[in-house]
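Source file: final-v1.pdb; contents: PDB, C-alpha atoms.
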```pdb
MODEL        1
ATOM      1  CA  MET S   1       9.147 -16.028  -2.438
ATOM      2  CA  GLN S   2       7.359 -12.983  -3.782
ATOM      3  CA  GLU S   3       8.398 -13.892  -7.331
ATOM      4  CA  GLU S   4       6.888 -17.327  -6.951
ATOM      5  CA  PHE S   5       3.613 -16.368  -5.271
ATOM      6  CA  GLY S   6       3.158 -12.818  -6.602
ATOM      7  CA  ASP S   7       0.472 -10.811  -4.841
ATOM      8  CA  GLU S   8      -1.103 -13.967  -3.391
ATOM      9  CA  ILE S   9       1.160 -13.369  -0.389
ATOM     10  CA  ALA S  10       2.583 -10.352   1.432
ATOM     11  CA  VAL S  11       6.293 -10.210   2.287
ATOM     12  CA  LEU S  12       7.540  -8.122   5.193
ATOM     13  CA  PHE S  13      11.241  -7.820   5.972
ATOM     14  CA  VAL S  14      12.146  -6.737   9.496
ATOM     15  CA  GLU S  15      15.632  -5.260   9.940
ATOM     16  CA  VAL S  16      16.966  -6.371  13.318
ATOM     17  CA  GLN S  17      20.582  -5.208  13.269
ATOM     18  CA  GLY S  18      19.807  -1.653  14.231
ATOM     19  CA  ALA S  19      20.343   0.072  10.882
ATOM     20  CA  ASP S  20      18.743   3.521  10.736
ATOM     21  CA  ARG S  21      15.916   4.146   8.277
ATOM     22  CA  ALA S  22      18.216   5.823   5.719
ATOM     23  CA  LYS S  23      20.711   2.956   5.780
ATOM     24  CA  MET S  24      17.934   0.410   5.475
ATOM     25  CA  GLN S  25      16.444   2.304   2.521
ATOM     26  CA  LYS S  26      19.807   2.616   0.807
ATOM     27  CA  PHE S  27      20.359  -1.115   1.226
ATOM     28  CA  ALA S  28      16.913  -1.887  -0.189
ATOM     29  CA  LEU S  29      17.397   0.552  -3.055
ATOM     30  CA  GLU S  30      20.656  -1.100  -4.061
ATOM     31  CA  LYS S  31      18.986  -4.515  -3.893
ATOM     32  CA  LYS S  32      16.289  -3.143  -6.240
ATOM     33  CA  TRP S  33      13.543  -3.919  -3.727
ATOM     34  CA  PHE S  34      11.932  -0.509  -4.134
ATOM     35  CA  GLY S  35       8.926  -0.512  -6.407
ATOM     36  CA  GLY S  36       8.492  -4.261  -5.890
ATOM     37  CA  ASP S  37       5.895  -5.902  -3.682
ATOM     38  CA  SER S  38       7.992  -6.500  -0.561
ATOM     39  CA  MET S  39       7.793  -4.192   2.449
ATOM     40  CA  TRP S  40      10.400  -3.614   5.089
ATOM     41  CA  THR S  41      10.548  -2.087   8.521
ATOM     42  CA  ARG S  42      12.772  -1.645  11.551
ATOM     43  CA  GLU S  43       9.883  -2.235  13.955
ATOM     44  CA  ARG S  44       9.795  -5.777  15.294
ATOM     45  CA  PRO S  45       6.161  -6.898  15.405
ATOM     46  CA  PHE S  46       7.091  -9.995  17.435
ATOM     47  CA  SER S  47      10.025 -12.292  18.074
ATOM     48  CA  THR S  48      10.322 -15.797  16.630
ATOM     49  CA  GLY S  49      12.576 -16.794  19.537
ATOM     50  CA  MET S  50      15.434 -17.680  17.141
ATOM     51  CA  ASN S  51      18.970 -16.588  17.981
ATOM     52  CA  GLY S  52      20.261 -16.053  14.468
ATOM     53  CA  ILE S  53      19.189 -14.441  11.224
ATOM     54  CA  PRO S  54      17.622 -14.745   8.783
ATOM     55  CA  ASN S  55      14.661 -16.250  10.576
ATOM     56  CA  PHE S  56      10.997 -16.068   9.703
ATOM     57  CA  ALA S  57       7.363 -16.583  10.611
ATOM     58  CA  LEU S  58       4.553 -17.428   8.257
ATOM     59  CA  LEU S  59       1.150 -16.019   9.112
ATOM     60  CA  ASP S  60      -2.029 -17.369   7.574
ATOM     61  CA  ALA S  61      -4.701 -15.130   6.048
ATOM     62  CA  GLN S  62      -6.248 -14.626   9.499
ATOM     63  CA  GLY S  63      -2.935 -13.490  10.980
ATOM     64  CA  LYS S  64      -2.232 -16.748  12.840
ATOM     65  CA  VAL S  65       1.274 -18.226  13.009
ATOM     66  CA  ALA S  66       1.551 -21.272  10.729
ATOM     67  CA  LEU S  67       5.307 -21.895  10.755
ATOM     68  CA  SER S  68       8.521 -20.307  11.975
ATOM     69  CA  GLY S  69      12.221 -21.103  11.866
ATOM     70  CA  TYR S  70      15.429 -20.296  10.031
ATOM     71  CA  SER S  71      14.770 -19.156   6.468
ATOM     72  CA  ASN S  72      17.852 -20.631   4.821
ATOM     73  CA  SER S  73      17.351 -24.183   6.075
ATOM     74  CA  MET S  74      13.578 -24.464   5.588
ATOM     75  CA  HIS S  75      13.055 -23.248   2.050
ATOM     76  CA  SER S  76      10.990 -26.185   0.785
ATOM     77  CA  GLN S  77       8.893 -26.309   3.964
ATOM     78  CA  ILE S  78       8.175 -22.594   3.632
ATOM     79  CA  LYS S  79       7.174 -23.053  -0.007
ATOM     80  CA  ASP S  80       4.875 -26.006   0.734
ATOM     81  CA  THR S  81       3.249 -24.246   3.686
ATOM     82  CA  LEU S  82       2.725 -21.074   1.667
ATOM     83  CA  SER S  83       1.076 -23.044  -1.171
ATOM     84  CA  GLU S  84      -1.286 -24.593   1.362
ATOM     85  CA  LEU S  85      -2.004 -21.249   3.044
ATOM     86  CA  VAL S  86      -2.728 -19.581  -0.301
ATOM     87  CA  LYS S  87      -5.207 -22.364  -1.145
ATOM     88  CA  ASN S  88      -6.867 -22.059   2.266
ATOM     89  CA  SER S  89      -7.047 -18.263   2.065
ATOM     90  CA  GLU S  90      -9.434 -18.646  -0.868
ATOM     91  CA  LYS S  91     -11.812 -20.843   1.136
ATOM     92  CA  ALA S  92     -14.440 -19.636   3.579
ATOM     93  CA  PRO S  93     -14.407 -21.262   7.031
ATOM     94  CA  SER S  94     -15.944 -24.746   6.681
ATOM     95  CA  HIS S  95     -18.633 -24.141   9.320
ATOM     96  CA  TYR S  96     -20.210 -21.315   7.294
ATOM     97  CA  SER S  97     -23.557 -22.035   5.617
ATOM     98  CA  SER S  98     -23.833 -21.449   1.845
ATOM     99  CA  SER S  99     -25.490 -18.051   2.279
ATOM    100  CA  VAL S 100     -22.802 -16.855   4.720
ATOM    101  CA  THR S 101     -20.113 -18.229   2.387
ATOM    102  CA  LYS S 102     -21.596 -16.142  -0.440
ATOM    103  CA  ALA S 103     -21.178 -12.979   1.641
ATOM    104  CA  TRP S 104     -17.646 -14.053   2.679
ATOM    105  CA  LYS S 105     -16.653 -14.519  -0.973
ATOM    106  CA  GLU S 106     -17.863 -11.019  -1.860
ATOM    107  CA  SER S 107     -15.799  -9.638   1.006
ATOM    108  CA  SER S 108     -12.667 -11.510  -0.054
ATOM    109  CA  ARG S 109     -13.125 -10.201  -3.630
ATOM    110  CA  GLY S 110     -13.168  -6.681  -2.213
ATOM    111  CA  ASN S 111     -16.879  -6.113  -2.851
ATOM    112  CA  TYR S 112     -17.439  -4.732   0.627
ATOM    113  CA  ALA S 113     -20.892  -3.180   0.225
ATOM    114  CA  LYS S 114     -22.235  -6.342  -1.420
ATOM    115  CA  ALA S 115     -20.759  -8.462   1.370
ATOM    116  CA  ILE S 116     -22.277  -6.221   4.045
ATOM    117  CA  THR S 117     -25.711  -6.212   2.394
ATOM    118  CA  LEU S 118     -25.686  -9.997   1.998
ATOM    119  CA  ALA S 119     -24.489 -10.546   5.570
ATOM    120  CA  GLU S 120     -27.212  -8.254   6.908
ATOM    121  CA  LYS S 121     -29.881 -10.180   4.985
ATOM    122  CA  VAL S 122     -28.561 -13.500   6.316
ATOM    123  CA  MET S 123     -28.557 -12.119   9.859
ATOM    124  CA  GLN S 124     -32.137 -10.952   9.514
ATOM    125  CA  LYS S 125     -33.421 -14.233   8.057
ATOM    126  CA  ALA S 126     -31.386 -16.353  10.472
ATOM    127  CA  ALA S 127     -32.720 -14.349  13.432
ATOM    128  CA  GLU S 128     -36.286 -14.980  12.271
ATOM    129  CA  LYS S 129     -35.549 -18.703  12.162
ATOM    130  CA  ASP S 130     -33.666 -18.686  15.493
ATOM    131  CA  ASN S 131     -30.538 -19.870  13.707
ATOM    132  CA  ALA S 132     -27.937 -18.527  16.135
ATOM    133  CA  ASP S 133     -24.982 -20.072  14.257
ATOM    134  CA  ASP S 134     -25.811 -18.248  11.036
ATOM    135  CA  VAL S 135     -26.434 -14.994  12.899
ATOM    136  CA  GLU S 136     -22.998 -15.284  14.487
ATOM    137  CA  SER S 137     -21.193 -16.247  11.248
ATOM    138  CA  ALA S 138     -22.915 -13.513   9.232
ATOM    139  CA  LYS S 139     -21.983 -11.001  11.926
ATOM    140  CA  GLU S 140     -18.345 -12.132  11.619
ATOM    141  CA  VAL S 141     -18.432 -11.608   7.850
ATOM    142  CA  LEU S 142     -20.089  -8.223   8.208
ATOM    143  CA  ASN S 143     -17.424  -7.063  10.658
ATOM    144  CA  LEU S 144     -14.677  -8.472   8.457
ATOM    145  CA  ALA S 145     -15.981  -6.577   5.413
ATOM    146  CA  LEU S 146     -16.272  -3.357   7.428
ATOM    147  CA  GLU S 147     -12.733  -3.757   8.824
ATOM    148  CA  LYS S 148     -11.291  -4.433   5.383
ATOM    149  CA  ALA S 149     -13.068  -1.467   3.827
ATOM    150  CA  ASP S 150     -11.929   0.785   6.698
ATOM    151  CA  SER S 151      -8.385  -0.475   6.297
ATOM    152  CA  LYS S 152      -8.419   0.296   2.549
ATOM    153  CA  ILE S 153      -9.834   3.765   3.167
ATOM    154  CA  SER S 154      -7.113   4.408   5.769
ATOM    155  CA  GLN S 155      -4.529   3.266   3.267
ATOM    156  CA  VAL S 156      -5.777   5.719   0.629
ATOM    157  CA  ARG S 157      -5.812   8.498   3.243
ATOM    158  CA  TRP S 158      -2.198   7.635   4.140
ATOM    159  CA  LEU S 159      -1.184   7.751   0.478
ATOM    160  CA  LEU S 160      -2.741  11.186   0.030
ATOM    161  CA  ASP S 161      -1.100  12.423   3.234
ATOM    162  CA  HIS S 162       2.355  11.177   2.228
ATOM    163  CA  GLY S 163       2.853  12.393  -1.341
ATOM    164  CA  TYR S 164       1.408   9.422  -3.231
ATOM    165  CA  ALA S 165      -1.671  11.224  -4.572
ATOM    166  CA  GLU S 166      -1.686   9.440  -7.933
ATOM    167  CA  LYS S 167      -1.461   6.006  -6.320
ATOM    168  CA  GLY S 168      -4.187   6.998  -3.861
ATOM    169  CA  LYS S 169      -6.427   8.122  -6.713
ATOM    170  CA  GLN S 170      -5.920   4.812  -8.507
ATOM    171  CA  LEU S 171      -6.947   2.853  -5.404
ATOM    172  CA  LEU S 172      -9.823   5.157  -4.566
ATOM    173  CA  ALA S 173     -11.789   4.636  -7.796
ATOM    174  CA  PRO S 174     -12.456   0.868  -7.352
ATOM    175  CA  LEU S 175     -12.793   1.317  -3.591
ATOM    176  CA  THR S 176     -15.555   3.903  -4.028
ATOM    177  CA  LYS S 177     -17.414   1.426  -6.249
ATOM    178  CA  ALA S 178     -16.882  -1.387  -3.739
ATOM    179  CA  CYS S 179     -18.279   0.755  -0.901
ATOM    180  CA  LYS S 180     -21.270   2.190  -2.787
ATOM    181  CA  GLY S 181     -24.461   1.672  -0.808
ATOM    182  CA  VAL S 182     -22.886   1.780   2.661
ATOM    183  CA  ALA S 183     -23.363   5.359   3.845
ATOM    184  CA  ASP S 184     -20.363   5.756   6.206
ATOM    185  CA  LEU S 185     -17.909   4.118   3.847
ATOM    186  CA  SER S 186     -19.185   6.066   0.835
ATOM    187  CA  ALA S 187     -18.923   9.336   2.783
ATOM    188  CA  SER S 188     -15.264   8.622   3.586
ATOM    189  CA  CYS S 189     -14.524   7.834  -0.067
ATOM    190  CA  LEU S 190     -16.300  11.007  -1.170
ATOM    191  CA  GLU S 191     -14.281  13.105   1.281
ATOM    192  CA  LEU S 192     -11.035  11.749  -0.199
ATOM    193  CA  ALA S 193     -12.276  12.257  -3.764
ATOM    194  CA  ASP S 194     -13.225  15.856  -2.941
ATOM    195  CA  TRP S 195      -9.746  16.536  -1.633
ATOM    196  CA  LEU S 196      -8.248  15.198  -4.863
ATOM    197  CA  LYS S 197     -10.422  17.679  -6.780
ATOM    198  CA  SER S 198      -9.296  20.625  -4.622
ATOM    199  CA  SER S 199      -6.416  22.890  -5.690
ATOM    200  CA  SER S 200      -4.066  21.216  -3.161
ATOM    201  CA  GLY S 201      -5.163  17.819  -4.408
ATOM    202  CA  LYS S 202      -4.569  18.751  -8.041
ATOM    203  CA  GLU S 203      -1.140  20.126  -7.181
ATOM    204  CA  GLU S 204      -0.248  16.914  -5.325
ATOM    205  CA  LEU S 205      -1.554  14.769  -8.170
ATOM    206  CA  SER S 206       0.613  16.552 -10.681
ATOM    207  CA  ALA S 207       3.668  16.421  -8.415
ATOM    208  CA  SER S 208       3.216  12.757  -7.522
ATOM    209  CA  ARG S 209       2.947  11.812 -11.215
ATOM    210  CA  GLY S 210       6.224  13.625 -11.869
ATOM    211  CA  LEU S 211       7.884  11.879  -8.961
ATOM    212  CA  GLN S 212       6.614   8.481 -10.111
ATOM    213  CA  ARG S 213       8.544   8.974 -13.361
ATOM    214  CA  LEU S 214      11.738   9.840 -11.482
ATOM    215  CA  GLU S 215      11.232   6.925  -9.093
ATOM    216  CA  GLY S 216      10.812   4.532 -12.006
ATOM    217  CA  LYS S 217      14.266   5.482 -13.288
ATOM    218  CA  LEU S 218      15.820   5.396  -9.819
ATOM    219  CA  PHE S 219      14.419   1.995  -8.876
ATOM    220  CA  GLU S 220      15.433   0.547 -12.224
ATOM    221  CA  ASP S 221      18.988   1.873 -12.046
ATOM    222  CA  PRO S 222      19.774   2.692  -8.393
ATOM    223  CA  LYS S 223      23.453   3.299  -9.108
ATOM    224  CA  GLY S 224      22.775   5.930 -11.773
ATOM    225  CA  SER S 225      22.939   9.661 -11.089
ATOM    226  CA  HIS S 226      19.462  10.634  -9.949
ATOM    227  CA  ARG S 227      20.184  13.043  -7.129
ATOM    228  CA  LYS S 228      20.298  16.182  -9.278
ATOM    229  CA  GLY S 229      16.983  15.344 -10.923
ATOM    230  CA  LEU S 230      15.346  14.717  -7.556
ATOM    231  CA  LEU S 231      16.650  17.979  -6.109
ATOM    232  CA  ALA S 232      15.406  19.884  -9.171
ATOM    233  CA  PHE S 233      12.020  18.233  -8.640
ATOM    234  CA  VAL S 234      12.007  19.363  -4.996
ATOM    235  CA  GLU S 235      12.711  22.929  -6.046
ATOM    236  CA  LYS S 236      10.012  22.902  -8.734
ATOM    237  CA  ASN S 237       7.376  21.362  -6.451
ATOM    238  CA  VAL S 238       8.369  23.064  -3.215
ATOM    239  CA  GLY S 239       5.786  22.789  -0.442
ATOM    240  CA  THR S 240       4.169  19.625  -1.774
ATOM    241  CA  LEU S 241       4.148  16.289   0.007
ATOM    242  CA  ALA S 242       5.675  14.697  -3.088
ATOM    243  CA  ALA S 243       8.599  17.121  -2.789
ATOM    244  CA  SER S 244       9.212  15.965   0.803
ATOM    245  CA  ARG S 245       9.287  12.423  -0.459
ATOM    246  CA  ALA S 246      11.680  13.346  -3.276
ATOM    247  CA  SER S 247      13.918  15.110  -0.781
ATOM    248  CA  ALA S 248      14.122  11.939   1.342
ATOM    249  CA  LEU S 249      14.947   9.895  -1.759
ATOM    250  CA  ALA S 250      17.667  12.369  -2.770
ATOM    251  CA  LYS S 251      19.294  11.840   0.631
ATOM    252  CA  ILE S 252      19.625   8.105   0.137
ATOM    253  CA  CYS S 253      21.010   8.662  -3.372
ATOM    254  CA  GLN S 254      24.078  10.410  -1.951
TER
ATOM    255  CA  MET I   1      19.596 -26.624   1.336
ATOM    256  CA  LEU I   2      21.295 -25.404   4.480
ATOM    257  CA  GLY I   3      22.316 -21.766   4.592
ATOM    258  CA  ALA I   4      24.479 -19.818   6.997
ATOM    259  CA  VAL I   5      22.817 -18.583  10.166
ATOM    260  CA  ILE I   6      24.445 -15.540  11.713
ATOM    261  CA  PRO I   7      24.764 -15.992  15.492
ATOM    262  CA  MET I   8      24.034 -13.124  17.831
ATOM    263  CA  LYS I   9      27.171 -11.609  19.294
ATOM    264  CA  HIS I  10      27.578 -12.803  22.891
ATOM    265  CA  THR I  11      28.983  -9.441  23.872
ATOM    266  CA  LEU I  12      25.686  -7.829  22.941
ATOM    267  CA  LEU I  13      23.549 -10.332  24.820
ATOM    268  CA  PRO I  14      23.024  -8.260  28.006
ATOM    269  CA  LEU I  15      21.976  -5.277  25.882
ATOM    270  CA  VAL I  16      19.682  -7.426  23.773
ATOM    271  CA  LEU I  17      18.080  -8.913  26.890
ATOM    272  CA  PHE I  18      17.658  -5.450  28.377
ATOM    273  CA  GLY I  19      16.102  -4.259  25.107
ATOM    274  CA  ALA I  20      13.817  -7.291  25.059
ATOM    275  CA  LEU I  21      12.609  -6.448  28.550
ATOM    276  CA  LEU I  22      11.836  -2.925  27.448
ATOM    277  CA  THR I  23       9.946  -4.031  24.358
ATOM    278  CA  THR I  24       8.163  -7.123  25.615
ATOM    279  CA  SER I  25       4.759  -6.003  24.410
ATOM    280  CA  ALA I  26       5.974  -5.210  20.911
ATOM    281  CA  SER I  27       8.122  -8.301  20.420
ATOM    282  CA  ALA I  28       6.451 -11.132  22.278
ATOM    283  CA  GLN I  29       7.573 -14.614  21.246
ATOM    284  CA  ILE I  30       5.263 -16.628  19.070
ATOM    285  CA  GLU I  31       3.590 -20.026  19.028
ATOM    286  CA  VAL I  32       2.008 -21.827  16.097
ATOM    287  CA  GLY I  33      -1.713 -20.976  15.959
ATOM    288  CA  GLN I  34      -1.256 -17.711  17.842
ATOM    289  CA  GLU I  35      -3.034 -14.745  16.278
ATOM    290  CA  MET I  36      -0.599 -11.882  15.743
ATOM    291  CA  SER I  37      -1.494  -8.236  15.937
ATOM    292  CA  PHE I  38       0.816  -5.250  15.742
ATOM    293  CA  THR I  39       0.484  -1.581  14.860
ATOM    294  CA  PHE I  40       3.491   0.105  13.273
ATOM    295  CA  GLN I  41       4.573   3.533  14.449
ATOM    296  CA  ASN I  42       5.748   4.226  10.887
ATOM    297  CA  SER I  43       4.286   2.434   7.886
ATOM    298  CA  PRO I  44       6.785  -0.117   6.547
ATOM    299  CA  VAL I  45       8.816   1.185   3.621
ATOM    300  CA  ASN I  46       7.302   0.330   0.227
ATOM    301  CA  SER I  47       4.045  -0.695   1.914
ATOM    302  CA  TYR I  48       2.029   2.251   0.606
ATOM    303  CA  GLY I  49       0.333   2.921   3.884
ATOM    304  CA  VAL I  50       0.102  -0.417   5.676
ATOM    305  CA  GLN I  51      -0.319   0.541   9.321
ATOM    306  CA  SER I  52      -0.701  -2.789  11.078
ATOM    307  CA  LEU I  53      -0.418  -6.538  10.581
ATOM    308  CA  ASP I  54      -4.217  -6.564  10.497
ATOM    309  CA  ASP I  55      -4.078  -4.544   7.266
ATOM    310  CA  LEU I  56      -2.371  -7.520   5.647
ATOM    311  CA  ARG I  57      -5.104 -10.006   6.514
ATOM    312  CA  GLY I  58      -6.772 -11.856   3.675
ATOM    313  CA  ARG I  59      -3.571 -13.383   2.336
ATOM    314  CA  PRO I  60      -0.640 -15.226   3.932
ATOM    315  CA  VAL I  61       2.256 -13.096   5.180
ATOM    316  CA  PHE I  62       5.913 -14.090   5.113
ATOM    317  CA  VAL I  63       7.746 -12.123   7.811
ATOM    318  CA  GLU I  64      11.518 -12.371   7.640
ATOM    319  CA  PHE I  65      13.950 -11.001  10.212
ATOM    320  CA  TRP I  66      17.187  -9.955   8.523
ATOM    321  CA  GLY I  67      20.099  -7.564   8.743
ATOM    322  CA  THR I  68      21.880  -5.033   6.555
ATOM    323  CA  ARG I  69      25.405  -5.931   7.659
TER
ENDMDL
END
```

Would you write the structure of this file as structure tokens?
Amino acid sequence: MQEEFGDEIAVLFVEVQGADRAKMQKFALEKKWFGGDSMWTRERPFSTGMNGIPNFALLDAQGKVALSGYSNSMHSQIKDTLSELVKNSEKAPSHYSSSVTKAWKESSRGNYAKAITLAEKVMQKAAEKDNADDVESAKEVLNLALEKADSKISQVRWLLDHGYAEKGKQLLAPLTKACKGVADLSASCLELADWLKSSSGKEELSASRGLQRLEGKLFEDPKGSHRKGLLAFVEKNVGTLAASRASALAKICQ
Amino acid sequence: MLGAVIPMKHTLLPLVLFGALLTTSASAQIEVGQEMSFTFQNSPVNSYGVQSLDDLRGRPVFVEFWGTR
């Protein structure tokens, strides 16, 4: 599914047979899922009500259930529904006016500050003209842009806190640009950028780059002998978050 | 294209039902059109910091329930 739709969709696998995290990771490593675009978890976000596996649910871009059932017997239905959902995810809600749609499009492109500024202008003008519908829609878009920007900032913070400093840095640069002009969002981006410039940040950046190289080899050839290299990395980068991550990877390489 | 569906083991049913009772809020059953929301205790593996289903909004999400056995 991911191969067909690329990053137009998100794929989340939920392990429901009680495997522990290490077993699940080992399984995924051997299947060469690591480094790809799919995610997996042991936490069940909901139940489809099906009694067998594999079963699935498709959520639209707003998080609403569009289809559910058994994966193996509904392949073409899943594909058709996903194509439709991808198309719809690129369209603003039909009741939005052209000016609200413009703000929505900026938000969906990741231009959060632009979207917020446009939505605020629409709200102001619509309020002057007593256009309650536009005020409401623009408010929706403004909140959506704020939520998305907050979510991206939280994601970068998570990456920095979990030994993915290089990846966090790569996401932070365009995010900072996208948030420029909105004081709170810019302040959060600046705080993260400052940390990356600190001595701890520099140390983590260097370590995470080294680990990325080792991960590349491991994910490409999961059956190769990588454990020694990972343990040497842990020793060399002791105390870093990247070393903790390498240590966890070394365990599943056993 | 029909594939094999692995049935739940009947012997485990009481445990599964008990577990379901304990986790009702986290694993409520779904209906088409229902808006789903869920916060993960641990970010999904390979997600690079996704913390909730809300973080995935903006594009469709394919959620598949599977097993490692």

Notebook entry, point to check: the PyMOL selection byres ((chain S and resi 91) around 12) on the file shown: which residues, as a ChimeraX atom specification?
Noted result: /S:61-62,84-90,92-96,101-102,104-109 /I:58-59

Next item on the list: Can you turn the PyMOL selection byres ((chain S and resi 12) around 9) into a concrete residue list for this file, as a list in words?
Entry: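 Against this file, the PyMOL selection byres ((chain S and resi 12) around 9) returns the residues Ala10, Val11, Phe13, Val14, Ser38, Met39, Trp40 and Thr41 of chain S; Pro44, Ser47, Val61, Phe62, Val63, Glu64 and Phe65 of chain I.
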
Margin query: Could you tell me how far atom CA of I:Ser52 sits from atom CA of S:Ala173, in Å to one decimal place?
Written below: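 Taking atom CA of S:Ala173 as the start and atom CA of I:Ser52 as the end point, the length is 23.1 Å.
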
Next item on the list: Skip stretch 118-127 of chain S itself and residues of its chain fewer than 4 positions away, then list as a ChimeraX atom specification all residues within 12 Å of it, counting all atoms listed in the file.
Entry: /S:96-107,111-114,131-146,182

Note to self: Would you compute the distance between atom CA of S:Val16 and atom CA of S:Gly49? Give it in Å to one decimal.
What the structure shows: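 Atom-to-atom, atom CA of S:Val16 to atom CA of S:Gly49, that is 12.9 Å.
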
Output as a PDB file, in the frame of the given file: stretch 40-57 of chain I, completed with N, CA and C atoms.
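Done, and the output landed in part-v1.pdb:
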```pdb
ATOM      1  N   PHE I  40       2.199  -0.540  13.522  1.00  0.00           N
ATOM      2  CA  PHE I  40       3.491   0.105  13.273  1.00  0.00           C
ATOM      3  C   PHE I  40       3.421   1.588  13.638  1.00  0.00           C
ATOM      4  N   GLN I  41       4.516   2.084  14.194  1.00  0.00           N
ATOM      5  CA  GLN I  41       4.573   3.533  14.449  1.00  0.00           C
ATOM      6  C   GLN I  41       4.751   4.280  13.126  1.00  0.00           C
ATOM      7  N   ASN I  42       5.570   3.695  12.239  1.00  0.00           N
ATOM      8  CA  ASN I  42       5.748   4.226  10.887  1.00  0.00           C
ATOM      9  C   ASN I  42       5.394   3.119   9.901  1.00  0.00           C
ATOM     10  N   SER I  43       4.634   3.447   8.887  1.00  0.00           N
ATOM     11  CA  SER I  43       4.286   2.434   7.886  1.00  0.00           C
ATOM     12  C   SER I  43       5.561   1.809   7.326  1.00  0.00           C
ATOM     13  N   PRO I  44       5.589   0.491   7.142  1.00  0.00           N
ATOM     14  CA  PRO I  44       6.785  -0.117   6.547  1.00  0.00           C
ATOM     15  C   PRO I  44       7.103   0.529   5.186  1.00  0.00           C
ATOM     16  N   VAL I  45       8.391   0.593   4.887  1.00  0.00           N
ATOM     17  CA  VAL I  45       8.816   1.185   3.621  1.00  0.00           C
ATOM     18  C   VAL I  45       8.253   0.334   2.480  1.00  0.00           C
ATOM     19  N   ASN I  46       7.835   1.004   1.408  1.00  0.00           N
ATOM     20  CA  ASN I  46       7.302   0.330   0.227  1.00  0.00           C
ATOM     21  C   ASN I  46       5.953  -0.355   0.483  1.00  0.00           C
ATOM     22  N   SER I  47       5.316  -0.024   1.604  1.00  0.00           N
ATOM     23  CA  SER I  47       4.045  -0.695   1.914  1.00  0.00           C
ATOM     24  C   SER I  47       2.854   0.123   1.440  1.00  0.00           C
ATOM     25  N   TYR I  48       3.103   1.346   1.039  1.00  0.00           N
ATOM     26  CA  TYR I  48       2.029   2.251   0.606  1.00  0.00           C
ATOM     27  C   TYR I  48       0.919   2.354   1.641  1.00  0.00           C
ATOM     28  N   GLY I  49       1.318   2.575   2.866  1.00  0.00           N
ATOM     29  CA  GLY I  49       0.333   2.921   3.884  1.00  0.00           C
ATOM     30  C   GLY I  49      -0.174   1.793   4.759  1.00  0.00           C
ATOM     31  N   VAL I  50       0.501   0.652   4.744  1.00  0.00           N
ATOM     32  CA  VAL I  50       0.102  -0.417   5.676  1.00  0.00           C
ATOM     33  C   VAL I  50       0.432   0.070   7.087  1.00  0.00           C
ATOM     34  N   GLN I  51      -0.550   0.007   7.982  1.00  0.00           N
ATOM     35  CA  GLN I  51      -0.319   0.541   9.321  1.00  0.00           C
ATOM     36  C   GLN I  51      -0.276  -0.521  10.410  1.00  0.00           C
ATOM     37  N   SER I  52      -0.723  -1.714  10.071  1.00  0.00           N
ATOM     38  CA  SER I  52      -0.701  -2.789  11.078  1.00  0.00           C
ATOM     39  C   SER I  52      -0.684  -4.139  10.379  1.00  0.00           C
ATOM     40  N   LEU I  53      -0.368  -5.183  11.152  1.00  0.00           N
ATOM     41  CA  LEU I  53      -0.418  -6.538  10.581  1.00  0.00           C
ATOM     42  C   LEU I  53      -1.844  -6.871  10.144  1.00  0.00           C
ATOM     43  N   ASP I  54      -2.814  -6.315  10.852  1.00  0.00           N
ATOM     44  CA  ASP I  54      -4.217  -6.564  10.497  1.00  0.00           C
ATOM     45  C   ASP I  54      -4.526  -6.113   9.062  1.00  0.00           C
ATOM     46  N   ASP I  55      -3.845  -5.043   8.628  1.00  0.00           N
ATOM     47  CA  ASP I  55      -4.078  -4.544   7.266  1.00  0.00           C
ATOM     48  C   ASP I  55      -3.687  -5.575   6.214  1.00  0.00           C
ATOM     49  N   LEU I  56      -2.854  -6.531   6.615  1.00  0.00           N
ATOM     50  CA  LEU I  56      -2.371  -7.520   5.647  1.00  0.00           C
ATOM     51  C   LEU I  56      -3.237  -8.776   5.617  1.00  0.00           C
ATOM     52  N   ARG I  57      -4.250  -8.805   6.461  1.00  0.00           N
ATOM     53  CA  ARG I  57      -5.104 -10.006   6.514  1.00  0.00           C
ATOM     54  C   ARG I  57      -5.835 -10.235   5.205  1.00  0.00           C
TER      55      ARG I  57
END
```
